[in-house]
Amino acid sequence: MADLETPARNNEGFLENAHEWTPEVASMIAEADQISLGEKHWEIIEFLRIFYSKHEMSPPSNRLFVKAVKEALGEDRGNSIYLMQLFPGTPAKTACRIAGLPRPTNCL
Amino acid sequence: MSTLIVIDQPPYGTWAGREALDMAFSLAAFDQSVSLLFTGAGVNWLRKSQKTDGIEQKSIEKNLSAAPIFGVKAMFAEASACARYGLTIENMLAGVAIAENSSNLLHQYSHTAFSG
Amino acid sequence: MKPIATLHILNKAPEHSRSVECMRSLRAGDALLLTESAVLAIATTDVHDPNTTVYALKADVLARGLDDCASETHLVDFPAMVDLTAQAQNIISW
């Protein structure tokens with residue numbers, strides 16, 4: 001489908017233009033990472049997008065991502081194992097990439 | 001070990017202040033006790049309704065509002081500077097405490113660092 | 001528009017020594033244009049000399065949340081700022 005082409009992304013897979021993000025785009029970015037988005041993923045994606053609109057920044061590091069999720073959604077979700085399972089690799093980086101946010105500044 | 005980071009430079013003027021904020025967030029990420037003190041023109045960081053579209057920078061007000069979420073212990077604003085710049089609890093960011101005697105505060109931390 | 005004798009363009013916060021120097025140098029018929037950190041002055045009592053017209057760059061005022069303090073200040077955009085510089089006989093960039 002020509003109209004569902006993934007928008008331009010940078011060398012680390014983050015969207016060049018944040019306005020091009022849609023839930024469909026999120027699914028495509030996730031698929032490229034071999035992640036199939038379920039309800040648990042969407043809860044975190046939605047959290048991140050609200051976080052960005054309030055604070056105009058991505059959580060700068062993995063630790064602060066975990067802290068912010070814990071603050072908003074409780075300890076069940078705000079722990080690194082849970083987030084690692086949903087968003088493998090560096091969870092903050094993977095999740096922000098899928099959520100259409102800028103790259104966390106302190107994630108190597 | 002507790003750290004106080006003092007911001008006495010105005011918002012948006014230089015990158016030094018944002019670097020100080022990054023440092024505060026990084027300390028908080030590792031559960032180090034860190035607080036922020038705003039003095040002089042630095043109190044203007046705390047003013048509500050900053051609209052930054054016209055200067056193409058991220059809103060310091062919005063960035064700063066993440067501080068409690070990341071575990072920054074406290075934010076203080078020097079009383080005399082607030083008075084000079086017409087700042088009160090009402091037109092400042094939520095969660096800021098006004099410090100009547102900020103020079104006292106400087107002595108209460110194991111490490112105090114000025115930004116910029 | 002009436003001509004400006006000297007247009008003082010200030011971008012330093014009120015705490016800066018050059019800002020203090022600038023305020024001391026204002027003469028009747030001069031105009032003061034505040035940009036960047038200098039716009040913070042409109043939240044203070046520093047710039048209420050009736051003999052001086054005060055202008056401030058709107059984008060910088062809005063960024064700092066100072067629109068409520070701007071009642072005695074003329075807010076200007078970039079083109080208006082260029083017009084001001086054209087009107088002035090002399091310009092001092094502090």
# chains A, B, ... in the order shown; residues from 1 in each chain; ligands from 1
call {"tool": "residues_around", "arguments": {"residues": "Thr39 in chain B", "least_positions_apart": "4", "cutoff": "6 Å", "atoms": "only C-alpha atoms", "output": "PDB file with C-alpha atoms, in the first residue's frame"}}
result
ATOM      1  CA  ASP B   8      21.437  32.357  38.821  1.00  0.00           C
ATOM      2  CA  VAL B  43      14.031  32.907  39.202  1.00  0.00           C
ATOM      3  CA  GLU B  78      15.082  33.238  46.497  1.00  0.00           C
TER       4      GLU B  78
END
call {"tool": "select_by_dssp", "arguments": {"residues": "range 45-77 of chain C", "states": "strand (DSSP E or B)", "output": "PyMOL selection string"}}
result
chain C and resi 53-57+74-76
call {"tool": "interface_residues", "arguments": {"of": "chain C", "to": "chain B", "cutoff": "8 Å", "atoms": "only C-alpha atoms", "output": "list in words"}}
result
Ala13, Pro14, Glu15, Glu36, Ser37, Leu40, Ala43, Thr44, Thr45, Ala59, Asp60, Leu62, Ala63, Arg64, Gly65 and Leu66 of chain C
call {"tool": "interface_residues", "arguments": {"of": "chain B", "to": "chain A", "cutoff": "7 Å", "atoms": "only C-alpha atoms", "output": "ChimeraX atom specification"}}
result
/B:29,58-59,62-63,65-66,69-70
call {"tool": "residues_around", "arguments": {"residues": "Val47 in chain C", "least_positions_apart": "5", "cutoff": "10 Å", "atoms": "only C-alpha atoms", "output": "list of chain:residue names"}}
result
C:Pro14, C:Met23, C:Leu32, C:Ala41, C:Ile42, C:Thr52, C:Thr53, C:Val54, C:Glu72, C:Thr73
call {"tool": "write_last_selection", "arguments": {"atoms": "N, CA and C atoms", "output": "PDB file, in the first residue's frame"}}
result
ATOM      1  N   PRO C  14      18.830  42.131  33.518  1.00  0.00           N
ATOM      2  CA  PRO C  14      18.973  43.299  34.390  1.00  0.00           C
ATOM      3  C   PRO C  14      20.156  43.203  35.369  1.00  0.00           C
ATOM      4  N   MET C  23      21.080  51.601  31.269  1.00  0.00           N
ATOM      5  CA  MET C  23      20.004  52.386  31.898  1.00  0.00           C
ATOM      6  C   MET C  23      20.507  53.773  32.294  1.00  0.00           C
ATOM      7  N   LEU C  32      14.629  52.557  23.910  1.00  0.00           N
ATOM      8  CA  LEU C  32      15.300  51.353  24.412  1.00  0.00           C
ATOM      9  C   LEU C  32      14.621  50.145  23.779  1.00  0.00           C
ATOM     10  N   ALA C  41      13.604  42.812  32.094  1.00  0.00           N
ATOM     11  CA  ALA C  41      13.510  44.113  32.762  1.00  0.00           C
ATOM     12  C   ALA C  41      12.066  44.594  32.885  1.00  0.00           C
ATOM     13  N   ILE C  42      11.201  44.179  31.961  1.00  0.00           N
ATOM     14  CA  ILE C  42       9.825  44.694  32.035  1.00  0.00           C
ATOM     15  C   ILE C  42       9.055  44.118  33.219  1.00  0.00           C
ATOM     16  N   THR C  52      11.661  57.858  28.089  1.00  0.00           N
ATOM     17  CA  THR C  52      12.200  56.879  27.149  1.00  0.00           C
ATOM     18  C   THR C  52      11.097  55.935  26.698  1.00  0.00           C
ATOM     19  N   THR C  53      10.992  55.742  25.390  1.00  0.00           N
ATOM     20  CA  THR C  53      10.047  54.751  24.884  1.00  0.00           C
ATOM     21  C   THR C  53      10.728  53.382  24.942  1.00  0.00           C
ATOM     22  N   VAL C  54      10.005  52.422  25.489  1.00  0.00           N
ATOM     23  CA  VAL C  54      10.580  51.086  25.621  1.00  0.00           C
ATOM     24  C   VAL C  54       9.909  50.130  24.639  1.00  0.00           C
ATOM     25  N   GLU C  72       3.238  48.653  29.564  1.00  0.00           N
ATOM     26  CA  GLU C  72       3.892  49.932  29.269  1.00  0.00           C
ATOM     27  C   GLU C  72       4.979  49.792  28.208  1.00  0.00           C
ATOM     28  N   THR C  73       5.012  48.638  27.588  1.00  0.00           N
ATOM     29  CA  THR C  73       6.076  48.357  26.624  1.00  0.00           C
ATOM     30  C   THR C  73       5.453  48.160  25.249  1.00  0.00           C
TER      31      THR C  73
END
